[in-house]
Amino acid sequence: MKIYSKKELNEYTQSLTYDDISLIPTQVSRVKSRKDPSTQTTFLGLKLQLPILSSPMDTVTGLEMAKELTRLGCLGILNRFDSSLEILLQGKNGKGVRAVSIGLSTDMKIVEQLVEKNLIICIDTANANNKEVLKKCEQIKKKFETKIIIGNIAHGGTLQQLEDSGADAVRVGIGSGSVCTTSIQTGIGIGQVSSLLNVYFHREAKKLKIKIIADGGIKSPGDVAKAIALGADVVMLGRMLSGTRETPGEVIKYKGQLWKKYRGSASFGVKMRNEFIEGEETMVAYKGAVQNVIDAISDGLRSSMSYMNCININELRNADTFAVLSNSSYLERLPKI
């Protein structure tokens, strides 16, 4: 069996997803217990207890989710689609909100109010490789001192231009979200592993400072560990956080089961008009408190770090031993009960 480095994975001839690879421990670990590794990291000036961001989707991150994630040492990015932003601007119930999404049409006066609240700004678009996105980023940076996240990209070829426009972090992943139909509708996208590696090596080659957010394709704590090991600074979650108590929306009872709504930002339910749709809508089982999900991610990530002989997140980010799995290898790893 061949063990691959990041560089070799990047040169692999096929587009890879998280299900196509596995981390391979090749050292005797000095980590006694999974309680020992530190998952702390710093992202855009914020100290996080876990390298986790929530997606700015209207069925994932409202004020309650943002505040709870802050309490749990993560970062929630408030969505721009419902009344959350208006409530925040009115100064009501806003304590603990640290990042917020905006659109290209968001007025600069609103941006100024958000900057005054010392919030990270996320320009929430499907395609960061667009002159209007870069123009908006440049306008904000010229006028205000604030950190800006833009997205999304699938390839690192434009990374220098993104950083030059003032972007401090970029969301990597097109078409890999669980309710995203962009790849089907447009034919655009790369497997998330290959996408992350491409962006990572472009950043390394040009010695850029822009942070990498792995956005999409995350189904489990193990995928979080893989994303960090591939070079991501933080991981953005949508589906894993959906259905929890803190997500916006009511709990629905159907056929004896509790559910909550989950939909993509480009779905009809968000756009509410007859135009090109690149997102699906669905119901997910109610999961209870989001802390349960975050605790499970923390435990899984720490356990992975103990296998990989990593005391901290930086050591995991420098992990360089991967296997490429056959379909049978992937299936062998699934529970058989």
# chains A, B, ... in the order shown; residues from 1 in each chain; ligands from 1

$ closest_atom_pairs --of "region 167-198 of chain A" --to "region 41-61 of chain A" --cutoff "12 Å" --atoms "only C-alpha atoms" --output "JSON lines"
{"residue": "A:Ala167", "atom": "CA", "partner": "A:Leu44", "partner_atom": "CA", "distance": 10.9}
{"residue": "A:Asp168", "atom": "CA", "partner": "A:Leu44", "partner_atom": "CA", "distance": 7.3}
{"residue": "A:Ala169", "atom": "CA", "partner": "A:Leu44", "partner_atom": "CA", "distance": 8.0}
{"residue": "A:Val170", "atom": "CA", "partner": "A:Leu44", "partner_atom": "CA", "distance": 11.5}
{"residue": "A:Arg171", "atom": "CA", "partner": "A:Ser55", "partner_atom": "CA", "distance": 10.1}
{"residue": "A:Gly177", "atom": "CA", "partner": "A:Ser55", "partner_atom": "CA", "distance": 10.4}
{"residue": "A:Val179", "atom": "CA", "partner": "A:Met57", "partner_atom": "CA", "distance": 11.0}
{"residue": "A:Cys180", "atom": "CA", "partner": "A:Met57", "partner_atom": "CA", "distance": 11.7}

$ residues_around --residues "region 103-112 of chain A" --least-positions-apart "4" --cutoff "8 Å" --atoms "only C-alpha atoms" --output "list of chain:residue names"
A:Arg80, A:Glu116, A:Ile123, A:Asp124, A:Thr125, A:Glu132, A:Val133, A:Lys136, A:Ile140, A:Phe144

$ write_last_selection --atoms "C-alpha atoms" --output "PDB file, in the first residue's frame"
ATOM      1  CA  ARG A  80     -28.427  37.558   6.096  1.00  0.00           C
ATOM      2  CA  GLU A 116     -18.743  49.474  14.677  1.00  0.00           C
ATOM      3  CA  ILE A 123     -19.421  38.421   1.825  1.00  0.00           C
ATOM      4  CA  ASP A 124     -21.754  35.520   1.172  1.00  0.00           C
ATOM      5  CA  THR A 125     -21.759  34.607  -2.529  1.00  0.00           C
ATOM      6  CA  GLU A 132     -18.110  42.480  -8.138  1.00  0.00           C
ATOM      7  CA  VAL A 133     -17.098  40.400  -5.106  1.00  0.00           C
ATOM      8  CA  LYS A 136     -17.075  44.959  -2.648  1.00  0.00           C
ATOM      9  CA  ILE A 140     -14.995  47.736   2.618  1.00  0.00           C
ATOM     10  CA  PHE A 144     -12.973  50.246   7.437  1.00  0.00           C
TER      11      PHE A 144
END

$ closest_residue --among "A:Ser33, A:Asn118, A:Gln14, A:Ser303" --to "Gly222 (chain A)" --atoms "only C-alpha atoms"
A:Ser303

$ residues_around --residues "Asp223 (chain A)" --least-positions-apart "6" --cutoff "10 Å" --atoms "only C-alpha atoms" --output "list in words"
Thr17, Tyr18, Asp19, Ile21, Ser22, Gly217, Ala229, Val235, Ile297, Gly300 and Leu301 of chain A

$ write_last_selection --atoms "N, CA, C and O atoms" --output "PDB file, in the first residue's frame"
ATOM      1  N   THR A  17     -12.511  13.078  -2.725  1.00  0.00           N
ATOM      2  CA  THR A  17     -13.385  13.564  -1.661  1.00  0.00           C
ATOM      3  C   THR A  17     -12.897  13.013  -0.326  1.00  0.00           C
ATOM      4  O   THR A  17     -11.984  12.177  -0.280  1.00  0.00           O
ATOM      5  N   TYR A  18     -13.535  13.451   0.756  1.00  0.00           N
ATOM      6  CA  TYR A  18     -13.142  12.939   2.074  1.00  0.00           C
ATOM      7  C   TYR A  18     -13.299  11.426   2.168  1.00  0.00           C
ATOM      8  O   TYR A  18     -12.515  10.748   2.830  1.00  0.00           O
ATOM      9  N   ASP A  19     -14.310  10.865   1.498  1.00  0.00           N
ATOM     10  CA  ASP A  19     -14.523   9.418   1.537  1.00  0.00           C
ATOM     11  C   ASP A  19     -13.441   8.648   0.795  1.00  0.00           C
ATOM     12  O   ASP A  19     -13.315   7.427   0.971  1.00  0.00           O
ATOM     13  N   ILE A  21     -10.150   9.216   1.040  1.00  0.00           N
ATOM     14  CA  ILE A  21      -8.852   9.190   1.726  1.00  0.00           C
ATOM     15  C   ILE A  21      -9.009   8.820   3.198  1.00  0.00           C
ATOM     16  O   ILE A  21     -10.103   8.874   3.760  1.00  0.00           O
ATOM     17  N   SER A  22      -7.885   8.448   3.790  1.00  0.00           N
ATOM     18  CA  SER A  22      -7.851   8.161   5.224  1.00  0.00           C
ATOM     19  C   SER A  22      -6.511   8.618   5.776  1.00  0.00           C
ATOM     20  O   SER A  22      -5.489   8.544   5.085  1.00  0.00           O
ATOM     21  N   GLY A 217     -19.115  19.188   2.356  1.00  0.00           N
ATOM     22  CA  GLY A 217     -18.682  17.788   2.315  1.00  0.00           C
ATOM     23  C   GLY A 217     -18.402  17.153   3.659  1.00  0.00           C
ATOM     24  O   GLY A 217     -18.076  15.967   3.730  1.00  0.00           O
ATOM     25  N   ALA A 229      -5.988  18.283   8.526  1.00  0.00           N
ATOM     26  CA  ALA A 229      -4.734  17.657   8.107  1.00  0.00           C
ATOM     27  C   ALA A 229      -4.369  18.018   6.673  1.00  0.00           C
ATOM     28  O   ALA A 229      -3.190  18.029   6.308  1.00  0.00           O
ATOM     29  N   VAL A 235     -12.947  24.737   9.757  1.00  0.00           N
ATOM     30  CA  VAL A 235     -13.922  23.950   9.000  1.00  0.00           C
ATOM     31  C   VAL A 235     -15.303  24.551   9.192  1.00  0.00           C
ATOM     32  O   VAL A 235     -15.714  24.826  10.326  1.00  0.00           O
ATOM     33  N   ILE A 297     -17.784  16.327  17.922  1.00  0.00           N
ATOM     34  CA  ILE A 297     -16.708  16.740  17.019  1.00  0.00           C
ATOM     35  C   ILE A 297     -15.402  16.894  17.776  1.00  0.00           C
ATOM     36  O   ILE A 297     -14.344  16.439  17.333  1.00  0.00           O
ATOM     37  N   GLY A 300     -14.046  13.402  18.665  1.00  0.00           N
ATOM     38  CA  GLY A 300     -13.514  12.721  17.486  1.00  0.00           C
ATOM     39  C   GLY A 300     -12.211  13.328  17.001  1.00  0.00           C
ATOM     40  O   GLY A 300     -11.283  12.608  16.618  1.00  0.00           O
ATOM     41  N   LEU A 301     -12.139  14.664  17.019  1.00  0.00           N
ATOM     42  CA  LEU A 301     -10.925  15.352  16.580  1.00  0.00           C
ATOM     43  C   LEU A 301      -9.763  15.052  17.519  1.00  0.00           C
ATOM     44  O   LEU A 301      -8.642  14.766  17.073  1.00  0.00           O
TER      45      LEU A 301
END

$ closest_residue --among "A:Gly187, A:Gly175, A:Gly91, A:Pro221" --to "Gly264 (chain A)" --atoms "only C-alpha atoms"
A:Gly175

$ residues_around --residues "region 318-325 of chain A" --least-positions-apart "5" --cutoff "8 Å" --atoms "only C-alpha atoms" --output "CSV table (one decimal) with all heavy atoms, in the first residue's frame"
chain,number,residue,atom,x,y,z
A,1,MET,N,0.8,-1.2,0.0
A,1,MET,CA,0.0,0.0,0.0
A,1,MET,C,0.9,1.2,0.0
A,1,MET,O,1.8,1.3,0.8
A,1,MET,CB,-0.9,0.0,1.2
A,1,MET,CG,-1.8,1.2,1.3
A,1,MET,SD,-2.5,1.5,2.9
A,1,MET,CE,-1.1,2.1,3.8
A,2,LYS,N,0.6,2.2,-0.8
A,2,LYS,CA,1.3,3.4,-0.9
A,2,LYS,C,0.8,4.4,0.1
A,2,LYS,O,-0.5,4.6,0.2
A,2,LYS,CB,1.3,4.0,-2.3
A,2,LYS,CG,2.0,5.3,-2.4
A,2,LYS,CD,2.0,5.8,-3.9
A,2,LYS,CE,2.7,7.2,-4.0
A,2,LYS,NZ,4.0,7.3,-3.5
A,3,ILE,N,1.6,5.1,0.8
A,3,ILE,CA,1.3,6.2,1.7
A,3,ILE,C,1.6,7.5,1.0
A,3,ILE,O,2.7,7.7,0.5
A,3,ILE,CB,2.0,6.1,3.1
A,3,ILE,CG1,1.5,4.9,3.8
A,3,ILE,CG2,1.7,7.4,3.9
A,3,ILE,CD1,2.3,4.7,5.2
A,4,TYR,N,0.6,8.4,0.9
A,4,TYR,CA,0.7,9.6,0.1
A,4,TYR,C,1.0,10.8,1.1
A,4,TYR,O,0.4,10.9,2.1
A,4,TYR,CB,-0.6,9.9,-0.6
A,4,TYR,CG,-0.9,8.9,-1.8
A,4,TYR,CD1,-1.5,7.7,-1.5
A,4,TYR,CD2,-0.5,9.2,-3.1
A,4,TYR,CE1,-1.7,6.8,-2.5
A,4,TYR,CE2,-0.8,8.3,-4.1
A,4,TYR,CZ,-1.4,7.1,-3.8
A,4,TYR,OH,-1.6,6.3,-4.8
A,5,SER,N,1.8,11.7,0.6
A,5,SER,CA,2.0,13.0,1.2
A,5,SER,C,0.9,14.0,0.6
A,5,SER,O,0.3,13.6,-0.3
A,5,SER,CB,3.4,13.6,0.9
A,5,SER,OG,3.5,13.8,-0.4
A,6,LYS,N,0.8,15.1,1.2
A,6,LYS,CA,-0.1,16.2,0.7
A,6,LYS,C,0.3,16.5,-0.8
A,6,LYS,O,-0.6,16.6,-1.6
A,6,LYS,CB,0.0,17.4,1.5
A,6,LYS,CG,-0.8,17.4,2.8
A,6,LYS,CD,-0.9,18.9,3.3
A,6,LYS,CE,-1.4,19.0,4.7
A,6,LYS,NZ,-0.4,18.5,5.7
A,19,ASP,N,-14.3,10.9,1.5
A,19,ASP,CA,-14.5,9.4,1.5
A,19,ASP,C,-13.4,8.6,0.8
A,19,ASP,O,-13.3,7.4,1.0
A,19,ASP,CB,-15.9,9.1,0.9
A,19,ASP,CG,-17.0,9.5,1.8
A,19,ASP,OD1,-16.8,9.7,3.0
A,19,ASP,OD2,-18.2,9.5,1.3
A,20,ASP,N,-12.7,9.3,0.0
A,20,ASP,CA,-11.6,8.7,-0.8
A,20,ASP,C,-10.3,8.5,-0.1
A,20,ASP,O,-9.4,7.9,-0.6
A,20,ASP,CB,-11.4,9.4,-2.1
A,20,ASP,CG,-12.6,9.4,-3.1
A,20,ASP,OD1,-13.2,8.3,-3.1
A,20,ASP,OD2,-12.9,10.4,-3.7
A,21,ILE,N,-10.1,9.2,1.0
A,21,ILE,CA,-8.9,9.2,1.7
A,21,ILE,C,-9.0,8.8,3.2
A,21,ILE,O,-10.1,8.9,3.8
A,21,ILE,CB,-8.1,10.5,1.6
A,21,ILE,CG1,-8.9,11.6,2.4
A,21,ILE,CG2,-7.9,11.0,0.2
A,21,ILE,CD1,-8.0,12.8,2.7
A,22,SER,N,-7.9,8.4,3.8
A,22,SER,CA,-7.9,8.2,5.2
A,22,SER,C,-6.5,8.6,5.8
A,22,SER,O,-5.5,8.5,5.1
A,22,SER,CB,-8.0,6.7,5.5
A,22,SER,OG,-8.0,6.4,6.8
A,23,LEU,N,-6.5,9.1,7.0
A,23,LEU,CA,-5.3,9.4,7.7
A,23,LEU,C,-4.6,8.2,8.1
A,23,LEU,O,-5.3,7.2,8.6
A,23,LEU,CB,-5.5,10.3,8.9
A,23,LEU,CG,-5.9,11.8,8.6
A,23,LEU,CD1,-6.5,12.5,9.8
A,23,LEU,CD2,-4.7,12.6,8.1
A,24,ILE,N,-3.3,8.1,8.0
A,24,ILE,CA,-2.5,6.9,8.4
A,24,ILE,C,-1.5,7.2,9.5
A,24,ILE,O,-0.6,8.0,9.3
A,24,ILE,CB,-1.8,6.3,7.2
A,24,ILE,CG1,-2.7,6.0,6.0
A,24,ILE,CG2,-1.0,5.0,7.6
A,24,ILE,CD1,-3.8,5.0,6.3
A,25,PRO,N,-1.7,6.7,10.7
A,25,PRO,CA,-0.7,6.8,11.8
A,25,PRO,C,0.6,6.1,11.4
A,25,PRO,O,0.5,4.9,11.2
A,25,PRO,CB,-1.4,6.3,13.0
A,25,PRO,CG,-2.8,6.1,12.7
A,25,PRO,CD,-2.9,5.9,11.2
A,26,THR,N,1.7,6.7,11.4
A,26,THR,CA,2.9,6.1,11.1
A,26,THR,C,4.0,6.2,12.2
A,26,THR,O,5.1,5.8,12.0
A,26,THR,CB,3.5,6.6,9.8
A,26,THR,OG1,3.7,8.0,9.9
A,26,THR,CG2,2.6,6.4,8.6
A,229,ALA,N,-6.0,18.3,8.5
A,229,ALA,CA,-4.7,17.7,8.1
A,229,ALA,C,-4.4,18.0,6.7
A,229,ALA,O,-3.2,18.0,6.3
A,229,ALA,CB,-4.8,16.1,8.3
A,230,LEU,N,-5.4,18.3,5.9
A,230,LEU,CA,-5.1,18.7,4.5
A,230,LEU,C,-4.7,20.2,4.4
A,230,LEU,O,-4.4,20.7,3.3
A,230,LEU,CB,-6.4,18.5,3.6
A,230,LEU,CG,-6.8,17.0,3.4
A,230,LEU,CD1,-8.2,16.9,2.9
A,230,LEU,CD2,-5.8,16.4,2.4
A,231,GLY,N,-4.7,20.9,5.5
A,231,GLY,CA,-4.2,22.3,5.5
A,231,GLY,C,-5.2,23.4,5.8
A,231,GLY,O,-4.9,24.6,5.8
A,308,MET,N,-2.6,10.2,15.6
A,308,MET,CA,-1.7,10.8,14.7
A,308,MET,C,-0.5,11.5,15.4
A,308,MET,O,0.3,12.2,14.8
A,308,MET,CB,-2.3,11.9,13.8
A,308,MET,CG,-3.4,11.3,12.8
A,308,MET,SD,-2.7,10.1,11.7
A,308,MET,CE,-1.7,11.2,10.7
A,330,TYR,N,-13.4,1.7,1.5
A,330,TYR,CA,-14.3,2.7,2.2
A,330,TYR,C,-15.5,1.9,2.8
A,330,TYR,O,-15.8,2.1,4.0
A,330,TYR,CB,-14.9,3.7,1.2
A,330,TYR,CG,-16.0,4.5,1.7
A,330,TYR,CD1,-15.8,5.5,2.7
A,330,TYR,CD2,-17.3,4.2,1.2
A,330,TYR,CE1,-16.9,6.2,3.2
A,330,TYR,CE2,-18.4,4.9,1.7
A,330,TYR,CZ,-18.2,5.9,2.7
A,330,TYR,OH,-19.2,6.6,3.2

$ closest_residue --among "A:Val290, A:Met65, A:Ala214, A:Leu78" --to "Gly191 (chain A)" --atoms "only C-alpha atoms"
A:Ala214

$ select_by_dssp --residues "region 51-287 of chain A" --states "strand (DSSP E)" --output "PyMOL selection string"
chain A and resi 52-54+75-78+99-102+120-124+148-153+169-172+211-215+234-237+252-254+257-263+281-285

$ residues_around --residues "Asn152 (chain A)" --least-positions-apart "3" --cutoff "8 Å" --atoms "only C-alpha atoms" --output "PDB file with all heavy atoms, in the first residue's frame"
ATOM      1  N   THR A 125     -21.402  34.830  -1.132  1.00  0.00           N
ATOM      2  CA  THR A 125     -21.759  34.607  -2.529  1.00  0.00           C
ATOM      3  C   THR A 125     -21.370  33.189  -2.912  1.00  0.00           C
ATOM      4  O   THR A 125     -20.585  32.532  -2.219  1.00  0.00           O
ATOM      5  CB  THR A 125     -21.026  35.596  -3.464  1.00  0.00           C
ATOM      6  OG1 THR A 125     -19.606  35.377  -3.346  1.00  0.00           O
ATOM      7  CG2 THR A 125     -21.342  37.034  -3.114  1.00  0.00           C
ATOM      8  N   ALA A 126     -21.900  32.720  -4.014  1.00  0.00           N
ATOM      9  CA  ALA A 126     -21.575  31.370  -4.477  1.00  0.00           C
ATOM     10  C   ALA A 126     -20.222  31.316  -5.172  1.00  0.00           C
ATOM     11  O   ALA A 126     -19.582  30.274  -5.223  1.00  0.00           O
ATOM     12  CB  ALA A 126     -22.669  30.871  -5.426  1.00  0.00           C
ATOM     13  N   ASN A 127     -19.765  32.456  -5.696  1.00  0.00           N
ATOM     14  CA  ASN A 127     -18.551  32.483  -6.502  1.00  0.00           C
ATOM     15  C   ASN A 127     -17.702  33.693  -6.143  1.00  0.00           C
ATOM     16  O   ASN A 127     -18.037  34.824  -6.494  1.00  0.00           O
ATOM     17  CB  ASN A 127     -18.917  32.514  -7.995  1.00  0.00           C
ATOM     18  CG  ASN A 127     -17.704  32.580  -8.899  1.00  0.00           C
ATOM     19  OD1 ASN A 127     -16.599  32.221  -8.505  1.00  0.00           O
ATOM     20  ND2 ASN A 127     -17.897  33.033 -10.131  1.00  0.00           N
ATOM     21  N   ALA A 128     -16.591  33.448  -5.465  1.00  0.00           N
ATOM     22  CA  ALA A 128     -15.700  34.550  -5.085  1.00  0.00           C
ATOM     23  C   ALA A 128     -14.900  35.069  -6.267  1.00  0.00           C
ATOM     24  O   ALA A 128     -14.402  36.197  -6.231  1.00  0.00           O
ATOM     25  CB  ALA A 128     -14.740  34.097  -3.983  1.00  0.00           C
ATOM     26  N   ASN A 129     -14.778  34.255  -7.312  1.00  0.00           N
ATOM     27  CA  ASN A 129     -14.023  34.677  -8.492  1.00  0.00           C
ATOM     28  C   ASN A 129     -14.887  35.541  -9.403  1.00  0.00           C
ATOM     29  O   ASN A 129     -15.192  35.187 -10.544  1.00  0.00           O
ATOM     30  CB  ASN A 129     -13.521  33.446  -9.256  1.00  0.00           C
ATOM     31  CG  ASN A 129     -12.479  32.680  -8.480  1.00  0.00           C
ATOM     32  OD1 ASN A 129     -11.687  33.269  -7.744  1.00  0.00           O
ATOM     33  ND2 ASN A 129     -12.482  31.371  -8.621  1.00  0.00           N
ATOM     34  N   VAL A 170     -10.927  32.693   2.886  1.00  0.00           N
ATOM     35  CA  VAL A 170     -11.753  32.281   1.748  1.00  0.00           C
ATOM     36  C   VAL A 170     -12.384  30.923   2.022  1.00  0.00           C
ATOM     37  O   VAL A 170     -11.751  30.030   2.586  1.00  0.00           O
ATOM     38  CB  VAL A 170     -10.914  32.232   0.449  1.00  0.00           C
ATOM     39  CG1 VAL A 170      -9.785  31.206   0.543  1.00  0.00           C
ATOM     40  CG2 VAL A 170     -11.800  31.945  -0.756  1.00  0.00           C
ATOM     41  N   ARG A 171     -13.648  30.801   1.656  1.00  0.00           N
ATOM     42  CA  ARG A 171     -14.361  29.535   1.767  1.00  0.00           C
ATOM     43  C   ARG A 171     -14.058  28.689   0.546  1.00  0.00           C
ATOM     44  O   ARG A 171     -14.251  29.122  -0.584  1.00  0.00           O
ATOM     45  CB  ARG A 171     -15.864  29.785   1.899  1.00  0.00           C
ATOM     46  CG  ARG A 171     -16.230  30.530   3.163  1.00  0.00           C
ATOM     47  CD  ARG A 171     -17.603  31.176   3.077  1.00  0.00           C
ATOM     48  NE  ARG A 171     -18.685  30.190   2.988  1.00  0.00           N
ATOM     49  CZ  ARG A 171     -19.970  30.525   2.903  1.00  0.00           C
ATOM     50  NH1 ARG A 171     -20.324  31.809   2.874  1.00  0.00           N
ATOM     51  NH2 ARG A 171     -20.891  29.586   2.835  1.00  0.00           N
ATOM     52  N   VAL A 172     -13.572  27.476   0.781  1.00  0.00           N
ATOM     53  CA  VAL A 172     -13.162  26.583  -0.303  1.00  0.00           C
ATOM     54  C   VAL A 172     -14.174  25.451  -0.444  1.00  0.00           C
ATOM     55  O   VAL A 172     -14.427  24.707   0.501  1.00  0.00           O
ATOM     56  CB  VAL A 172     -11.756  26.007  -0.047  1.00  0.00           C
ATOM     57  CG1 VAL A 172     -11.375  25.018  -1.145  1.00  0.00           C
ATOM     58  CG2 VAL A 172     -10.731  27.131   0.045  1.00  0.00           C
ATOM     59  N   GLY A 173     -14.750  25.336  -1.623  1.00  0.00           N
ATOM     60  CA  GLY A 173     -15.704  24.278  -1.898  1.00  0.00           C
ATOM     61  C   GLY A 173     -16.852  24.775  -2.750  1.00  0.00           C
ATOM     62  O   GLY A 173     -17.563  25.694  -2.345  1.00  0.00           O
ATOM     63  N   ILE A 174     -17.018  24.196  -3.924  1.00  0.00           N
ATOM     64  CA  ILE A 174     -18.154  24.519  -4.791  1.00  0.00           C
ATOM     65  C   ILE A 174     -18.861  23.211  -5.158  1.00  0.00           C
ATOM     66  O   ILE A 174     -18.229  22.291  -5.695  1.00  0.00           O
ATOM     67  CB  ILE A 174     -17.709  25.257  -6.061  1.00  0.00           C
ATOM     68  CG1 ILE A 174     -17.192  26.663  -5.703  1.00  0.00           C
ATOM     69  CG2 ILE A 174     -18.859  25.382  -7.053  1.00  0.00           C
ATOM     70  CD1 ILE A 174     -16.716  27.478  -6.885  1.00  0.00           C
TER      71      ILE A 174
END

$ residues_around --residues "Thr282 (chain A)" --least-positions-apart "2" --cutoff "10 Å" --atoms "only C-alpha atoms" --output "ChimeraX atom specification"
/A:179,259-264,280,284

$ closest_residue --among "A:Cys137, A:Gly249, A:Glu163, A:Ala296" --to "Ser83 (chain A)" --atoms "only C-alpha atoms"
A:Gly249

$ select_by_dssp --residues "region 53-141 of chain A" --states "alpha helix (DSSP H)" --output "PyMOL selection string"
chain A and resi 63-71+84-89+108-116+131-141

$ decode --residues "region 314-334 of chain A" --atoms "N, CA and C atoms" --output "PDB file, in the first residue's frame"
ATOM      1  N   ASN A 314      -1.813  22.717  15.052  1.00  0.00           N
ATOM      2  CA  ASN A 314      -0.756  22.963  14.074  1.00  0.00           C
ATOM      3  C   ASN A 314      -0.043  21.679  13.682  1.00  0.00           C
ATOM      4  N   GLU A 315       0.155  20.786  14.653  1.00  0.00           N
ATOM      5  CA  GLU A 315       0.800  19.514  14.342  1.00  0.00           C
ATOM      6  C   GLU A 315      -0.092  18.669  13.431  1.00  0.00           C
ATOM      7  N   LEU A 316      -1.398  18.678  13.680  1.00  0.00           N
ATOM      8  CA  LEU A 316      -2.309  17.942  12.797  1.00  0.00           C
ATOM      9  C   LEU A 316      -2.312  18.561  11.405  1.00  0.00           C
ATOM     10  N   ARG A 317      -2.246  19.880  11.329  1.00  0.00           N
ATOM     11  CA  ARG A 317      -2.244  20.565  10.039  1.00  0.00           C
ATOM     12  C   ARG A 317      -1.004  20.189   9.219  1.00  0.00           C
ATOM     13  N   ASN A 318       0.043  19.762   9.896  1.00  0.00           N
ATOM     14  CA  ASN A 318       1.276  19.357   9.217  1.00  0.00           C
ATOM     15  C   ASN A 318       1.348  17.857   8.976  1.00  0.00           C
ATOM     16  N   ALA A 319       0.279  17.132   9.320  1.00  0.00           N
ATOM     17  CA  ALA A 319       0.252  15.690   9.054  1.00  0.00           C
ATOM     18  C   ALA A 319       0.428  15.445   7.560  1.00  0.00           C
ATOM     19  N   ASP A 320       1.152  14.388   7.222  1.00  0.00           N
ATOM     20  CA  ASP A 320       1.476  14.196   5.806  1.00  0.00           C
ATOM     21  C   ASP A 320       1.447  12.731   5.394  1.00  0.00           C
ATOM     22  N   THR A 321       0.600  11.936   6.039  1.00  0.00           N
ATOM     23  CA  THR A 321       0.517  10.517   5.703  1.00  0.00           C
ATOM     24  C   THR A 321      -0.947  10.128   5.477  1.00  0.00           C
ATOM     25  N   PHE A 322      -1.283   9.877   4.217  1.00  0.00           N
ATOM     26  CA  PHE A 322      -2.648   9.568   3.823  1.00  0.00           C
ATOM     27  C   PHE A 322      -2.683   8.303   2.974  1.00  0.00           C
ATOM     28  N   ALA A 323      -3.821   7.626   2.998  1.00  0.00           N
ATOM     29  CA  ALA A 323      -4.076   6.534   2.057  1.00  0.00           C
ATOM     30  C   ALA A 323      -5.200   6.956   1.126  1.00  0.00           C
ATOM     31  N   VAL A 324      -5.138   6.499  -0.120  1.00  0.00           N
ATOM     32  CA  VAL A 324      -6.251   6.642  -1.043  1.00  0.00           C
ATOM     33  C   VAL A 324      -7.008   5.320  -1.037  1.00  0.00           C
ATOM     34  N   LEU A 325      -8.305   5.368  -0.755  1.00  0.00           N
ATOM     35  CA  LEU A 325      -9.095   4.166  -0.541  1.00  0.00           C
ATOM     36  C   LEU A 325      -9.795   3.707  -1.819  1.00  0.00           C
ATOM     37  N   SER A 326      -9.855   2.407  -2.001  1.00  0.00           N
ATOM     38  CA  SER A 326     -10.737   1.854  -3.024  1.00  0.00           C
ATOM     39  C   SER A 326     -12.157   1.899  -2.476  1.00  0.00           C
ATOM     40  N   ASN A 327     -13.140   1.679  -3.323  1.00  0.00           N
ATOM     41  CA  ASN A 327     -14.522   1.669  -2.858  1.00  0.00           C
ATOM     42  C   ASN A 327     -14.732   0.578  -1.808  1.00  0.00           C
ATOM     43  N   SER A 328     -14.088  -0.577  -2.012  1.00  0.00           N
ATOM     44  CA  SER A 328     -14.208  -1.670  -1.041  1.00  0.00           C
ATOM     45  C   SER A 328     -13.583  -1.290   0.292  1.00  0.00           C
ATOM     46  N   SER A 329     -12.457  -0.547   0.246  1.00  0.00           N
ATOM     47  CA  SER A 329     -11.817  -0.092   1.485  1.00  0.00           C
ATOM     48  C   SER A 329     -12.718   0.845   2.260  1.00  0.00           C
ATOM     49  N   TYR A 330     -13.392   1.749   1.527  1.00  0.00           N
ATOM     50  CA  TYR A 330     -14.322   2.660   2.181  1.00  0.00           C
ATOM     51  C   TYR A 330     -15.477   1.898   2.823  1.00  0.00           C
ATOM     52  N   LEU A 331     -16.058   0.960   2.080  1.00  0.00           N
ATOM     53  CA  LEU A 331     -17.193   0.200   2.589  1.00  0.00           C
ATOM     54  C   LEU A 331     -16.804  -0.657   3.788  1.00  0.00           C
ATOM     55  N   GLU A 332     -15.569  -1.161   3.793  1.00  0.00           N
ATOM     56  CA  GLU A 332     -15.096  -1.987   4.910  1.00  0.00           C
ATOM     57  C   GLU A 332     -15.090  -1.220   6.223  1.00  0.00           C
ATOM     58  N   ARG A 333     -14.930   0.112   6.148  1.00  0.00           N
ATOM     59  CA  ARG A 333     -14.838   0.935   7.341  1.00  0.00           C
ATOM     60  C   ARG A 333     -16.204   1.325   7.909  1.00  0.00           C
ATOM     61  N   LEU A 334     -17.257   1.024   7.188  1.00  0.00           N
ATOM     62  CA  LEU A 334     -18.598   1.363   7.664  1.00  0.00           C
ATOM     63  C   LEU A 334     -19.116   0.310   8.638  1.00  0.00           C
TER      64      LEU A 334
END
